[in-house]
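final.cif (mmCIF, C-alpha atoms) appears below.
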```
data_input
loop_
_atom_site.label_atom_id
_atom_site.label_comp_id
_atom_site.auth_asym_id
_atom_site.auth_seq_id
_atom_site.Cartn_x
_atom_site.Cartn_y
_atom_site.Cartn_z
CA ALA L 1 -16.44 -0.29 -6.64
CA GLN L 2 -13.22 -1.94 -7.64
CA SER L 3 -11.59 -5.08 -6.26
CA VAL L 4 -8.40 -7.07 -6.68
CA THR L 5 -7.81 -10.80 -6.39
CA GLN L 6 -4.31 -12.22 -6.09
CA LEU L 7 -4.22 -15.95 -6.69
CA GLY L 8 -1.98 -17.73 -4.23
CA SER L 9 -0.93 -16.30 -0.89
CA HIS L 10 2.48 -17.97 -1.34
CA VAL L 11 4.47 -18.80 -4.47
CA SER L 12 7.71 -20.76 -4.35
CA VAL L 13 10.30 -20.80 -7.12
CA SER L 14 13.91 -21.84 -7.51
CA GLU L 15 16.59 -19.29 -8.21
CA GLY L 16 16.77 -18.75 -11.98
CA ALA L 17 13.21 -19.93 -12.60
CA LEU L 18 10.36 -17.91 -14.06
CA VAL L 19 8.35 -15.83 -11.62
CA LEU L 20 4.61 -15.49 -12.27
CA LEU L 21 2.36 -13.71 -9.77
CA ARG L 22 -1.30 -13.51 -10.71
CA CYS L 23 -3.63 -10.55 -10.32
CA ASN L 24 -7.21 -10.17 -11.50
CA TYR L 25 -9.22 -7.02 -10.99
CA SER L 26 -12.79 -5.85 -11.13
CA SER L 27 -13.61 -2.32 -12.16
CA SER L 28 -16.59 -0.58 -13.73
CA VAL L 29 -14.35 1.94 -15.49
CA PRO L 30 -10.92 1.71 -17.14
CA PRO L 31 -8.53 0.91 -14.33
CA TYR L 32 -5.11 2.12 -13.32
CA LEU L 33 -3.09 -0.88 -12.13
CA PHE L 34 -0.02 -1.17 -9.94
CA TRP L 35 2.36 -3.71 -8.48
CA TYR L 36 4.16 -2.94 -5.23
CA VAL L 37 6.83 -4.92 -3.38
CA GLN L 38 7.29 -5.02 0.40
CA TYR L 39 10.35 -6.31 2.24
CA PRO L 40 9.97 -7.33 5.92
CA ASN L 41 9.09 -4.46 8.26
CA GLN L 42 9.29 -1.88 5.50
CA GLY L 43 6.88 0.19 3.46
CA LEU L 44 5.76 -0.52 -0.09
CA GLN L 45 7.88 0.26 -3.12
CA LEU L 46 6.35 0.71 -6.56
CA LEU L 47 7.50 -1.91 -9.08
CA LEU L 48 5.47 -0.77 -12.08
CA LYS L 49 2.19 0.82 -13.13
CA TYR L 50 -0.26 0.74 -16.00
CA THR L 51 -2.25 3.87 -16.79
CA THR L 52 -2.94 4.08 -20.52
CA GLY L 53 -1.15 3.14 -23.73
CA ALA L 54 1.14 0.13 -24.10
CA THR L 55 -0.29 -2.87 -22.32
CA LEU L 56 3.10 -4.44 -21.58
CA VAL L 57 4.66 -2.47 -18.78
CA LYS L 58 8.28 -2.80 -17.67
CA GLY L 59 9.29 -2.01 -14.13
CA ILE L 60 12.28 -2.08 -11.85
CA ASN L 61 14.42 -5.12 -11.02
CA GLY L 62 13.55 -6.89 -14.29
CA PHE L 63 9.83 -7.24 -13.58
CA GLU L 64 7.11 -6.66 -16.14
CA ALA L 65 3.34 -7.00 -16.31
CA GLU L 66 0.79 -7.16 -19.09
CA PHE L 67 -2.63 -5.56 -18.93
CA LYS L 68 -5.21 -7.87 -20.55
CA LYS L 69 -8.58 -6.20 -20.61
CA SER L 70 -10.43 -9.25 -21.96
CA GLU L 71 -9.15 -11.33 -19.06
CA THR L 72 -9.27 -8.49 -16.48
CA SER L 73 -5.75 -9.49 -15.51
CA PHE L 74 -2.44 -7.81 -14.72
CA HIS L 75 -0.03 -10.64 -13.97
CA LEU L 76 3.52 -9.90 -12.85
CA THR L 77 6.44 -11.81 -14.37
CA LYS L 78 10.21 -12.00 -14.22
CA PRO L 79 12.19 -14.37 -16.46
CA SER L 80 14.74 -15.42 -13.86
CA ALA L 81 14.24 -15.24 -10.10
CA HIS L 82 16.95 -13.98 -7.81
CA MET L 83 17.26 -14.60 -4.08
CA SER L 84 16.78 -10.86 -3.50
CA ASP L 85 13.31 -11.07 -5.08
CA ALA L 86 11.96 -12.85 -2.00
CA ALA L 87 9.36 -10.46 -0.61
CA GLU L 88 5.63 -9.83 -0.52
CA TYR L 89 4.00 -8.45 -3.65
CA PHE L 90 0.78 -6.46 -3.81
CA CYS L 91 -1.40 -5.71 -6.80
CA ALA L 92 -3.54 -2.57 -6.57
CA VAL L 93 -6.18 -0.81 -8.65
CA SER L 94 -7.40 2.76 -8.85
CA VAL L 95 -10.11 4.31 -10.98
CA ASN L 96 -8.95 7.87 -10.36
CA PRO L 97 -6.24 9.34 -12.54
CA GLY L 98 -4.89 11.13 -9.50
CA TYR L 99 -4.46 7.80 -7.71
CA SER L 100 -6.45 9.28 -4.84
CA THR L 101 -7.44 5.91 -3.39
CA LEU L 102 -6.02 2.49 -4.08
CA THR L 103 -7.64 -0.88 -3.53
CA PHE L 104 -5.07 -3.54 -2.71
CA GLY L 105 -5.08 -7.28 -3.12
CA LYS L 106 -4.22 -9.46 -0.13
CA GLY L 107 -0.66 -9.99 -1.28
CA THR L 108 1.49 -12.87 -2.50
CA MET L 109 4.61 -13.92 -0.66
CA LEU L 110 7.34 -14.95 -3.09
CA LEU L 111 9.77 -17.52 -1.73
CA VAL L 112 13.00 -18.16 -3.66
CA SER L 113 15.07 -21.25 -2.96
CA PRO L 114 18.70 -21.74 -4.01
CA ASP X 1 16.44 13.33 0.90
CA GLY X 2 12.70 13.78 0.66
CA GLY X 3 10.47 11.13 2.11
CA ILE X 4 7.96 10.02 4.72
CA THR X 5 9.03 9.45 8.31
CA GLN X 6 6.90 7.27 10.56
CA SER X 7 7.64 7.05 14.26
CA PRO X 8 8.07 5.13 16.37
CA LYS X 9 8.89 1.96 14.44
CA TYR X 10 7.55 -0.22 17.27
CA LEU X 11 4.85 0.83 19.72
CA PHE X 12 3.20 -0.97 22.61
CA ARG X 13 -0.19 -0.09 24.05
CA LYS X 14 -1.87 -1.09 27.26
CA GLU X 15 -5.54 -1.98 27.30
CA GLY X 16 -7.75 1.12 27.40
CA GLN X 17 -4.99 3.46 26.32
CA ASN X 18 -4.98 5.82 23.33
CA VAL X 19 -1.80 6.01 21.28
CA THR X 20 -0.74 8.34 18.48
CA LEU X 21 1.33 7.31 15.48
CA SER X 22 3.35 10.01 13.78
CA CYS X 23 3.64 10.56 10.02
CA GLU X 24 5.71 13.44 8.67
CA GLN X 25 6.56 14.12 5.02
CA ASN X 26 8.92 16.66 3.44
CA LEU X 27 7.77 15.97 -0.12
CA ASN X 28 5.38 18.92 -0.19
CA HIS X 29 2.55 16.49 -0.97
CA ASP X 30 -1.05 17.57 -0.55
CA ALA X 31 -2.66 14.17 -0.01
CA MET X 32 -1.83 11.75 2.80
CA TYR X 33 -3.17 8.32 3.74
CA TRP X 34 -3.19 5.82 6.59
CA TYR X 35 -3.42 2.09 5.96
CA ARG X 36 -3.63 -0.87 8.29
CA GLN X 37 -1.90 -4.10 7.28
CA ASP X 38 -2.72 -7.48 8.82
CA PRO X 39 -1.17 -10.79 7.72
CA GLY X 40 -2.98 -12.16 4.69
CA GLN X 41 -5.32 -9.15 4.51
CA GLY X 42 -3.44 -6.72 2.33
CA LEU X 43 -3.71 -3.00 3.06
CA ARG X 44 -6.96 -1.43 4.19
CA LEU X 45 -7.56 2.31 4.12
CA ILE X 46 -8.26 3.93 7.50
CA TYR X 47 -8.35 7.66 6.73
CA TYR X 48 -7.07 10.01 4.07
CA SER X 49 -6.62 13.73 3.70
CA GLN X 50 -6.53 15.61 0.42
CA ILE X 51 -5.74 19.00 1.91
CA VAL X 52 -4.94 20.67 5.21
CA ASN X 53 -7.83 20.76 7.71
CA ASP X 54 -9.81 18.19 5.73
CA PHE X 55 -9.95 14.39 5.92
CA GLN X 56 -12.24 11.52 4.98
CA LYS X 57 -12.96 8.12 6.45
CA GLY X 58 -11.69 5.09 4.64
CA ASP X 59 -12.98 1.54 4.82
CA ILE X 60 -12.08 0.83 8.47
CA ALA X 61 -12.17 4.18 10.30
CA GLU X 62 -13.96 2.96 13.46
CA GLY X 63 -11.76 3.30 16.54
CA TYR X 64 -9.32 5.68 14.84
CA SER X 65 -9.02 9.45 14.58
CA VAL X 66 -6.77 11.80 12.61
CA SER X 67 -5.91 15.47 12.25
CA ARG X 68 -4.32 17.49 9.48
CA GLU X 69 -3.29 20.84 10.94
CA LYS X 70 -0.13 21.08 8.87
CA LYS X 71 0.57 19.99 5.32
CA GLU X 72 3.55 17.88 6.33
CA SER X 73 1.94 16.06 9.25
CA PHE X 74 -0.91 13.52 9.46
CA PRO X 75 -0.94 11.82 12.88
CA LEU X 76 -3.17 8.80 13.54
CA THR X 77 -4.65 8.14 16.99
CA VAL X 78 -5.65 4.60 17.83
CA THR X 79 -8.31 4.96 20.49
CA SER X 80 -9.42 2.51 23.17
CA ALA X 81 -12.51 1.91 21.03
CA GLN X 82 -10.36 -0.01 18.55
CA LYS X 83 -10.68 -3.52 19.97
CA ASN X 84 -8.04 -5.19 17.85
CA PRO X 85 -5.33 -2.60 17.25
CA THR X 86 -2.38 -4.97 16.83
CA ALA X 87 -1.22 -4.43 13.24
CA PHE X 88 1.34 -2.78 11.00
CA TYR X 89 0.37 0.79 10.11
CA LEU X 90 1.55 2.48 6.93
CA CYS X 91 1.39 6.13 5.97
CA ALA X 92 1.50 7.25 2.32
CA SER X 93 1.29 10.45 0.30
CA ILE X 94 0.89 11.76 -3.23
CA PRO X 95 1.40 15.29 -4.60
CA GLY X 96 -2.32 15.89 -5.09
CA LEU X 97 -5.54 14.53 -6.50
CA ASN X 98 -4.68 15.22 -10.12
CA SER X 99 -1.03 14.28 -9.97
CA ASN X 100 0.40 11.48 -12.04
CA GLN X 101 2.57 10.08 -9.29
CA PRO X 102 2.14 6.82 -7.38
CA GLN X 103 1.65 6.72 -3.64
CA HIS X 104 4.90 7.06 -1.69
CA PHE X 105 5.05 5.00 1.52
CA GLY X 106 6.76 5.35 4.87
CA ASP X 107 8.44 2.40 6.58
CA GLY X 108 5.55 1.74 8.95
CA THR X 109 4.84 1.46 12.66
CA ARG X 110 4.14 -1.90 14.27
CA LEU X 111 1.65 -1.58 17.12
CA SER X 112 1.24 -4.33 19.71
CA ILE X 113 -0.95 -4.75 22.79
CA LEU X 114 0.73 -5.47 26.12
#
```

Mind turning this structure into C-alpha coordinates?
Amino acid sequence: AQSVTQLGSHVSVSEGALVLLRCNYSSSVPPYLFWYVQYPNQGLQLLLKYTTGATLVKGINGFEAEFKKSETSFHLTKPSAHMSDAAEYFCAVSVNPGYSTLTFGKGTMLLVSP
Amino acid sequence: DGGITQSPKYLFRKEGQNVTLSCEQNLNHDAMYWYRQDPGQGLRLIYYSQIVNDFQKGDIAEGYSVSREKKESFPLTVTSAQKNPTAFYLCASIPGLNSNQPQHFGDGTRLSIL
(Lines of atoms letter the chains of each structure in order from A and count residues from 1; the text may use other names and numbers.)
(Lines give C-alpha, C1' and ligand atoms only; values in the text may rest on other atoms or scores of the structure.)
Protein backbone atom coordinates (compact mmCIF):
# COMPACT_ATOMS: atom_id res chain seq x y z
CA ALA A 1 0.00 0.00 0.00
CA GLN A 2 1.13 3.52 -0.69
CA SER A 3 1.02 6.57 1.57
CA VAL A 4 1.78 10.27 1.41
CA THR A 5 3.04 12.61 4.11
CA GLN A 6 2.88 16.37 3.70
CA LEU A 7 5.00 18.19 6.23
CA GLY A 8 3.25 21.22 7.65
CA SER A 9 -0.49 21.75 7.56
CA HIS A 10 0.12 25.48 7.04
CA VAL A 11 2.99 27.34 5.35
CA SER A 12 3.25 31.12 5.39
CA VAL A 13 5.35 33.15 2.97
CA SER A 14 5.61 36.76 1.91
CA GLU A 15 4.75 37.81 -1.60
CA GLY A 16 7.84 37.37 -3.78
CA ALA A 17 9.43 34.78 -1.50
CA LEU A 18 10.27 31.19 -2.36
CA VAL A 19 7.50 28.66 -1.92
CA LEU A 20 8.48 25.17 -0.72
CA LEU A 21 5.82 22.58 0.08
CA ARG A 22 7.11 19.20 1.22
CA CYS A 23 5.82 15.79 0.22
CA ASN A 24 7.23 12.38 1.06
CA TYR A 25 5.72 9.15 -0.17
CA SER A 26 5.86 5.46 0.54
CA SER A 27 5.37 2.95 -2.23
CA SER A 28 6.46 -0.62 -2.88
CA VAL A 29 6.61 -0.03 -6.63
CA PRO A 30 7.68 2.92 -8.79
CA PRO A 31 5.17 5.64 -8.04
CA TYR A 32 3.25 8.13 -10.11
CA LEU A 33 3.18 11.44 -8.23
CA PHE A 34 0.91 14.45 -8.46
CA TRP A 35 0.35 17.88 -6.98
CA TYR A 36 -3.13 19.37 -6.96
CA VAL A 37 -4.32 22.83 -5.86
CA GLN A 38 -7.70 23.61 -4.31
CA TYR A 39 -9.24 27.06 -3.94
CA PRO A 40 -12.02 27.55 -1.34
CA ASN A 41 -15.21 25.61 -2.07
CA GLN A 42 -13.89 24.30 -5.36
CA GLY A 43 -12.62 21.02 -6.73
CA LEU A 44 -8.99 20.07 -7.26
CA GLN A 45 -6.94 21.27 -10.20
CA LEU A 46 -3.84 19.41 -11.36
CA LEU A 47 -0.64 21.44 -11.02
CA LEU A 48 1.84 18.87 -12.28
CA LYS A 49 2.57 15.15 -12.44
CA TYR A 50 5.52 12.79 -12.52
CA THR A 51 5.16 9.48 -14.33
CA THR A 52 8.50 8.45 -15.83
CA GLY A 53 11.49 10.17 -17.38
CA ALA A 54 12.78 13.58 -16.32
CA THR A 55 12.71 13.94 -12.56
CA LEU A 56 12.23 17.72 -12.61
CA VAL A 57 8.66 18.38 -13.60
CA LYS A 58 7.28 21.79 -14.54
CA GLY A 59 3.64 22.61 -14.03
CA ILE A 60 1.21 25.45 -14.35
CA ASN A 61 1.46 28.85 -12.66
CA GLY A 62 5.26 28.65 -12.37
CA PHE A 63 5.32 25.64 -10.04
CA GLU A 64 7.75 22.76 -10.37
CA ALA A 65 8.60 19.62 -8.42
CA GLU A 66 11.52 17.22 -8.35
CA PHE A 67 11.19 13.49 -7.90
CA LYS A 68 14.00 12.21 -5.66
CA LYS A 69 13.83 8.46 -5.39
CA SER A 70 16.62 8.19 -2.80
CA GLU A 71 14.75 10.57 -0.51
CA THR A 72 11.25 9.33 -1.48
CA SER A 73 10.30 12.96 -1.92
CA PHE A 74 8.38 15.11 -4.39
CA HIS A 75 8.58 18.64 -3.02
CA LEU A 76 6.75 21.48 -4.75
CA THR A 77 8.50 24.81 -5.33
CA LYS A 78 7.89 28.20 -6.88
CA PRO A 79 10.62 30.87 -6.99
CA SER A 80 8.38 33.84 -6.21
CA ALA A 81 5.03 33.65 -4.44
CA HIS A 82 2.04 35.61 -5.65
CA MET A 83 -1.05 36.51 -3.65
CA SER A 84 -3.11 34.35 -6.02
CA ASP A 85 -1.11 31.27 -4.95
CA ALA A 86 -2.88 31.23 -1.58
CA ALA A 87 -4.77 27.94 -1.58
CA GLU A 88 -4.57 24.39 -0.28
CA TYR A 89 -2.14 22.02 -1.97
CA PHE A 90 -2.39 18.25 -2.06
CA CYS A 91 0.27 15.72 -2.95
CA ALA A 92 -0.97 12.36 -4.24
CA VAL A 93 0.51 9.02 -5.28
CA SER A 94 -0.67 6.23 -7.53
CA VAL A 95 0.95 2.93 -8.40
CA ASN A 96 -1.30 2.28 -11.38
CA PRO A 97 -0.39 3.75 -14.75
CA GLY A 98 -4.07 4.34 -15.38
CA TYR A 99 -4.29 6.47 -12.24
CA SER A 100 -7.19 4.27 -11.16
CA THR A 101 -6.88 5.17 -7.48
CA LEU A 102 -5.00 7.99 -5.84
CA THR A 103 -3.81 8.24 -2.26
CA PHE A 104 -3.76 11.84 -1.06
CA GLY A 105 -1.78 13.59 1.61
CA LYS A 106 -3.63 15.66 4.21
CA GLY A 107 -2.90 18.91 2.44
CA THR A 108 -0.89 22.06 3.09
CA MET A 109 -2.54 25.45 3.26
CA LEU A 110 -0.33 28.11 1.68
CA LEU A 111 -0.78 31.59 3.12
CA VAL A 112 0.74 34.54 1.24
CA SER A 113 1.13 37.90 2.95
CA PRO A 114 1.76 41.20 1.16
CA ASP B 1 -17.40 22.81 -22.38
CA GLY B 2 -16.83 19.31 -21.07
CA GLY B 3 -16.66 18.76 -17.37
CA ILE B 4 -18.13 17.35 -14.18
CA THR B 5 -21.24 18.88 -12.64
CA GLN B 6 -22.00 18.26 -8.98
CA SER B 7 -25.30 19.34 -7.51
CA PRO B 8 -26.41 20.83 -5.30
CA LYS B 9 -23.45 22.90 -4.12
CA TYR B 10 -24.83 23.03 -0.56
CA LEU B 11 -27.07 20.39 0.99
CA PHE B 12 -28.63 20.07 4.41
CA ARG B 13 -29.79 16.82 5.97
CA LYS B 14 -31.98 16.12 8.95
CA GLU B 15 -31.09 13.35 11.36
CA GLY B 16 -32.19 9.94 10.07
CA GLN B 17 -32.64 11.12 6.51
CA ASN B 18 -30.99 9.73 3.37
CA VAL B 19 -29.72 12.24 0.82
CA THR B 20 -28.38 11.79 -2.69
CA LEU B 21 -25.58 13.83 -4.22
CA SER B 22 -25.52 14.13 -7.98
CA CYS B 23 -22.45 13.79 -10.21
CA GLU B 24 -22.79 14.09 -13.98
CA GLN B 25 -19.97 14.18 -16.53
CA ASN B 26 -20.00 14.88 -20.27
CA LEU B 27 -16.36 13.88 -20.80
CA ASN B 28 -17.22 10.37 -21.97
CA HIS B 29 -15.06 9.01 -19.14
CA ASP B 30 -15.37 5.38 -18.10
CA ALA B 31 -14.15 5.66 -14.51
CA MET B 32 -15.73 7.80 -11.80
CA TYR B 33 -14.90 8.37 -8.13
CA TRP B 34 -16.36 9.81 -4.94
CA TYR B 35 -14.16 11.34 -2.27
CA ARG B 36 -14.92 12.78 1.13
CA GLN B 37 -12.88 15.76 2.34
CA ASP B 38 -12.67 16.81 5.99
CA PRO B 39 -10.50 19.65 7.31
CA GLY B 40 -6.95 18.46 7.85
CA GLN B 41 -7.74 14.96 6.55
CA GLY B 42 -7.12 15.23 2.85
CA LEU B 43 -9.34 13.28 0.46
CA ARG B 44 -10.54 9.79 1.28
CA LEU B 45 -12.00 7.46 -1.32
CA ILE B 46 -15.61 6.37 -0.73
CA TYR B 47 -16.52 4.43 -3.88
CA TYR B 48 -15.34 4.18 -7.45
CA SER B 49 -16.69 2.75 -10.67
CA GLN B 50 -14.60 1.64 -13.62
CA ILE B 51 -17.49 0.82 -15.91
CA VAL B 52 -21.27 1.01 -16.08
CA ASN B 53 -23.11 -1.33 -13.69
CA ASP B 54 -19.95 -1.99 -11.68
CA PHE B 55 -18.46 -0.27 -8.63
CA GLN B 56 -16.05 -0.97 -5.79
CA LYS B 57 -15.79 0.17 -2.20
CA GLY B 58 -13.05 2.57 -1.29
CA ASP B 59 -11.50 3.17 2.11
CA ILE B 60 -14.57 4.61 3.86
CA ALA B 61 -17.64 3.09 2.16
CA GLU B 62 -19.66 2.40 5.33
CA GLY B 63 -22.87 4.43 5.42
CA TYR B 64 -22.74 5.26 1.71
CA SER B 65 -24.18 3.69 -1.43
CA VAL B 66 -23.77 4.35 -5.15
CA SER B 67 -25.15 3.29 -8.51
CA ARG B 68 -23.79 3.46 -12.03
CA GLU B 69 -26.69 2.89 -14.42
CA LYS B 70 -25.41 5.34 -17.00
CA LYS B 71 -21.88 6.16 -18.08
CA GLU B 72 -22.31 9.86 -17.41
CA SER B 73 -23.89 9.59 -13.96
CA PHE B 74 -22.56 8.35 -10.60
CA PRO B 75 -24.87 9.44 -7.76
CA LEU B 76 -23.83 9.01 -4.13
CA THR B 77 -26.41 8.35 -1.39
CA VAL B 78 -25.48 9.25 2.16
CA THR B 79 -27.61 6.99 4.32
CA SER B 80 -28.78 7.44 7.89
CA ALA B 81 -26.16 4.84 8.84
CA GLN B 82 -23.44 7.42 8.20
CA LYS B 83 -23.15 8.95 11.66
CA ASN B 84 -20.93 11.87 10.76
CA PRO B 85 -21.90 12.94 7.25
CA THR B 86 -20.94 16.61 7.49
CA ALA B 87 -18.15 17.05 4.94
CA PHE B 88 -17.24 18.28 1.49
CA TYR B 89 -17.84 15.64 -1.19
CA LEU B 90 -15.91 15.58 -4.45
CA CYS B 91 -16.61 13.60 -7.59
CA ALA B 92 -13.86 12.83 -10.12
CA SER B 93 -13.40 10.93 -13.37
CA ILE B 94 -10.77 9.64 -15.77
CA PRO B 95 -11.14 8.26 -19.31
CA GLY B 96 -10.42 4.69 -18.25
CA LEU B 97 -8.11 2.40 -16.33
CA ASN B 98 -5.31 2.49 -18.88
CA SER B 99 -5.58 6.14 -19.80
CA ASN B 100 -2.73 8.56 -19.26
CA GLN B 101 -4.90 11.37 -17.97
CA PRO B 102 -5.13 12.73 -14.43
CA GLN B 103 -8.34 12.68 -12.45
CA HIS B 104 -10.70 15.53 -13.36
CA PHE B 105 -12.70 16.93 -10.42
CA GLY B 106 -16.08 18.56 -9.99
CA ASP B 107 -16.58 21.59 -7.75
CA GLY B 108 -17.98 19.60 -4.85
CA THR B 109 -21.06 19.45 -2.65
CA ARG B 110 -20.94 20.59 0.97
CA LEU B 111 -23.25 18.52 3.16
CA SER B 112 -24.31 19.72 6.60
CA ILE B 113 -26.55 18.28 9.32
CA LEU B 114 -29.45 20.39 10.57

For Glu62 in chain X: contacts at 10 Å, only C-alpha atoms, fewer than 3 positions along chain excluded, given as a list of chain:residue names =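 Counting only the stated atoms, we get X:Ile46, X:Tyr47, X:Lys57, X:Gly58, X:Asp59, X:Ser65, X:Val78, X:Thr79, X:Ala81, X:Gln82, X:Lys83.
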
List every residue of chain X that has an atom at most 12 Å from any atom of chain L, giving for each one its closest atom pair and the distance in Å to one decimal, counting only C-alpha atoms, sorted by chain and then by ascending residue number, as CSV.
```
residue,atom,partner,partner_atom,distance
X:Gly3,CA,L:Gly43,CA,11.6
X:Ile4,CA,L:Gly43,CA,10.0
X:Thr5,CA,L:Gly43,CA,10.7
X:Gln6,CA,L:Gly43,CA,10.0
X:Lys9,CA,L:Asn41,CA,8.9
X:Tyr10,CA,L:Asn41,CA,10.1
X:Asp30,CA,L:Ser100,CA,10.8
X:Ala31,CA,L:Ser100,CA,7.8
X:Met32,CA,L:Ser100,CA,9.3
X:Tyr33,CA,L:Thr101,CA,8.7
X:Trp34,CA,L:Thr101,CA,10.8
X:Tyr35,CA,L:Leu102,CA,10.4
X:Arg36,CA,L:Phe104,CA,11.4
X:Gln37,CA,L:Lys106,CA,9.4
X:Asp38,CA,L:Lys106,CA,9.3
X:Pro39,CA,L:Lys106,CA,8.5
X:Gly40,CA,L:Lys106,CA,5.7
X:Gln41,CA,L:Lys106,CA,4.8
X:Gly42,CA,L:Lys106,CA,3.8
X:Leu43,CA,L:Phe104,CA,6.0
X:Arg44,CA,L:Phe104,CA,7.5
X:Leu45,CA,L:Thr103,CA,8.3
X:Ile46,CA,L:Thr101,CA,11.1
X:Tyr47,CA,L:Thr101,CA,10.3
X:Tyr48,CA,L:Thr101,CA,8.5
X:Ser49,CA,L:Ser100,CA,9.6
X:Gln50,CA,L:Ser100,CA,8.2
X:Ile51,CA,L:Ser100,CA,11.9
X:Gln56,CA,L:Thr101,CA,11.2
X:Lys57,CA,L:Thr101,CA,11.5
X:Gly58,CA,L:Thr101,CA,9.1
X:Asp59,CA,L:Thr103,CA,10.2
X:Ala87,CA,L:Asn41,CA,11.4
X:Phe88,CA,L:Asn41,CA,8.4
X:Tyr89,CA,L:Gly43,CA,9.3
X:Leu90,CA,L:Gly43,CA,6.8
X:Cys91,CA,L:Gly43,CA,8.5
X:Ala92,CA,L:Gly43,CA,8.9
X:Ser93,CA,L:Ser100,CA,9.4
X:Ile94,CA,L:Ser100,CA,7.9
X:Pro95,CA,L:Gly98,CA,9.0
X:Gly96,CA,L:Gly98,CA,7.0
X:Leu97,CA,L:Gly98,CA,4.6
X:Asn98,CA,L:Gly98,CA,4.1
X:Ser99,CA,L:Gly98,CA,5.0
X:Asn100,CA,L:Gly98,CA,5.9
X:Gln101,CA,L:Gly98,CA,7.5
X:Pro102,CA,L:Tyr99,CA,6.7
X:Gln103,CA,L:Tyr99,CA,7.4
X:His104,CA,L:Gln45,CA,7.6
X:Phe105,CA,L:Gly43,CA,5.5
X:Gly106,CA,L:Gly43,CA,5.4
X:Asp107,CA,L:Gly43,CA,4.1
X:Gly108,CA,L:Gly43,CA,5.9
X:Thr109,CA,L:Asn41,CA,8.5
X:Arg110,CA,L:Asn41,CA,8.2
X:Leu111,CA,L:Asn41,CA,11.9
```

Could you write out the selected residues, including C-alpha atoms, as a PDB file, in the frame of the given file?
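Writing done, so here's part31.pdb:
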```
ATOM      1  CA  GLY X   3      10.470  11.130   2.110  1.00  0.00           C
ATOM      2  CA  ILE X   4       7.960  10.020   4.720  1.00  0.00           C
ATOM      3  CA  THR X   5       9.030   9.450   8.310  1.00  0.00           C
ATOM      4  CA  GLN X   6       6.900   7.270  10.560  1.00  0.00           C
ATOM      5  CA  LYS X   9       8.890   1.960  14.440  1.00  0.00           C
ATOM      6  CA  TYR X  10       7.550  -0.220  17.270  1.00  0.00           C
ATOM      7  CA  ASP X  30      -1.050  17.570  -0.550  1.00  0.00           C
ATOM      8  CA  ALA X  31      -2.660  14.170  -0.010  1.00  0.00           C
ATOM      9  CA  MET X  32      -1.830  11.750   2.800  1.00  0.00           C
ATOM     10  CA  TYR X  33      -3.170   8.320   3.740  1.00  0.00           C
ATOM     11  CA  TRP X  34      -3.190   5.820   6.590  1.00  0.00           C
ATOM     12  CA  TYR X  35      -3.420   2.090   5.960  1.00  0.00           C
ATOM     13  CA  ARG X  36      -3.630  -0.870   8.290  1.00  0.00           C
ATOM     14  CA  GLN X  37      -1.900  -4.100   7.280  1.00  0.00           C
ATOM     15  CA  ASP X  38      -2.720  -7.480   8.820  1.00  0.00           C
ATOM     16  CA  PRO X  39      -1.170 -10.790   7.720  1.00  0.00           C
ATOM     17  CA  GLY X  40      -2.980 -12.160   4.690  1.00  0.00           C
ATOM     18  CA  GLN X  41      -5.320  -9.150   4.510  1.00  0.00           C
ATOM     19  CA  GLY X  42      -3.440  -6.720   2.330  1.00  0.00           C
ATOM     20  CA  LEU X  43      -3.710  -3.000   3.060  1.00  0.00           C
ATOM     21  CA  ARG X  44      -6.960  -1.430   4.190  1.00  0.00           C
ATOM     22  CA  LEU X  45      -7.560   2.310   4.120  1.00  0.00           C
ATOM     23  CA  ILE X  46      -8.260   3.930   7.500  1.00  0.00           C
ATOM     24  CA  TYR X  47      -8.350   7.660   6.730  1.00  0.00           C
ATOM     25  CA  TYR X  48      -7.070  10.010   4.070  1.00  0.00           C
ATOM     26  CA  SER X  49      -6.620  13.730   3.700  1.00  0.00           C
ATOM     27  CA  GLN X  50      -6.530  15.610   0.420  1.00  0.00           C
ATOM     28  CA  ILE X  51      -5.740  19.000   1.910  1.00  0.00           C
ATOM     29  CA  GLN X  56     -12.240  11.520   4.980  1.00  0.00           C
ATOM     30  CA  LYS X  57     -12.960   8.120   6.450  1.00  0.00           C
ATOM     31  CA  GLY X  58     -11.690   5.090   4.640  1.00  0.00           C
ATOM     32  CA  ASP X  59     -12.980   1.540   4.820  1.00  0.00           C
ATOM     33  CA  ALA X  87      -1.220  -4.430  13.240  1.00  0.00           C
ATOM     34  CA  PHE X  88       1.340  -2.780  11.000  1.00  0.00           C
ATOM     35  CA  TYR X  89       0.370   0.790  10.110  1.00  0.00           C
ATOM     36  CA  LEU X  90       1.550   2.480   6.930  1.00  0.00           C
ATOM     37  CA  CYS X  91       1.390   6.130   5.970  1.00  0.00           C
ATOM     38  CA  ALA X  92       1.500   7.250   2.320  1.00  0.00           C
ATOM     39  CA  SER X  93       1.290  10.450   0.300  1.00  0.00           C
ATOM     40  CA  ILE X  94       0.890  11.760  -3.230  1.00  0.00           C
ATOM     41  CA  PRO X  95       1.400  15.290  -4.600  1.00  0.00           C
ATOM     42  CA  GLY X  96      -2.320  15.890  -5.090  1.00  0.00           C
ATOM     43  CA  LEU X  97      -5.540  14.530  -6.500  1.00  0.00           C
ATOM     44  CA  ASN X  98      -4.680  15.220 -10.120  1.00  0.00           C
ATOM     45  CA  SER X  99      -1.030  14.280  -9.970  1.00  0.00           C
ATOM     46  CA  ASN X 100       0.400  11.480 -12.040  1.00  0.00           C
ATOM     47  CA  GLN X 101       2.570  10.080  -9.290  1.00  0.00           C
ATOM     48  CA  PRO X 102       2.140   6.820  -7.380  1.00  0.00           C
ATOM     49  CA  GLN X 103       1.650   6.720  -3.640  1.00  0.00           C
ATOM     50  CA  HIS X 104       4.900   7.060  -1.690  1.00  0.00           C
ATOM     51  CA  PHE X 105       5.050   5.000   1.520  1.00  0.00           C
ATOM     52  CA  GLY X 106       6.760   5.350   4.870  1.00  0.00           C
ATOM     53  CA  ASP X 107       8.440   2.400   6.580  1.00  0.00           C
ATOM     54  CA  GLY X 108       5.550   1.740   8.950  1.00  0.00           C
ATOM     55  CA  THR X 109       4.840   1.460  12.660  1.00  0.00           C
ATOM     56  CA  ARG X 110       4.140  -1.900  14.270  1.00  0.00           C
ATOM     57  CA  LEU X 111       1.650  -1.580  17.120  1.00  0.00           C
TER      58      LEU X 111
END
```

Distance query Val57 in chain L at most 10 Å, only C-alpha atoms, self and fewer than 2 positions along chain excluded, as a VMD selection string = chain L and resid 48 to 51 53 to 55 59 63 to 67 74 76

Please measure the separation of CA of Thr72 in chain L and CA of Leu18 in chain L, giving the value in Å to one decimal.
->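 Distance between the two atoms: 21.9 Å.
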
Who sits within 7 Å of Ser73 in chain X, only C-alpha atoms, same chain under 5 positions skipped, as a PDB file with C-alpha atoms, in the coordinates of the input:
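Done, and the output landed in result.pdb:
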```pdb
ATOM      1  CA  CYS X  23       3.640  10.560  10.020  1.00  0.00           C
ATOM      2  CA  GLU X  24       5.710  13.440   8.670  1.00  0.00           C
ATOM      3  CA  GLN X  25       6.560  14.120   5.020  1.00  0.00           C
ATOM      4  CA  ARG X  68      -4.320  17.490   9.480  1.00  0.00           C
TER       5      ARG X  68
END
```

Could you please determine the separation between CA of Ala81 in chain L and CA of Leu47 in chain L in Å, to one decimal place?
->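 Computing it gives 15.0 Å between the two atoms.
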
Using all atoms listed in the file, the shortest atom-to-atom distance to Ser22 in chain X among X:Ser112, X:Thr86, X:Ser67, X:Ser80 belongs to X:Ser67
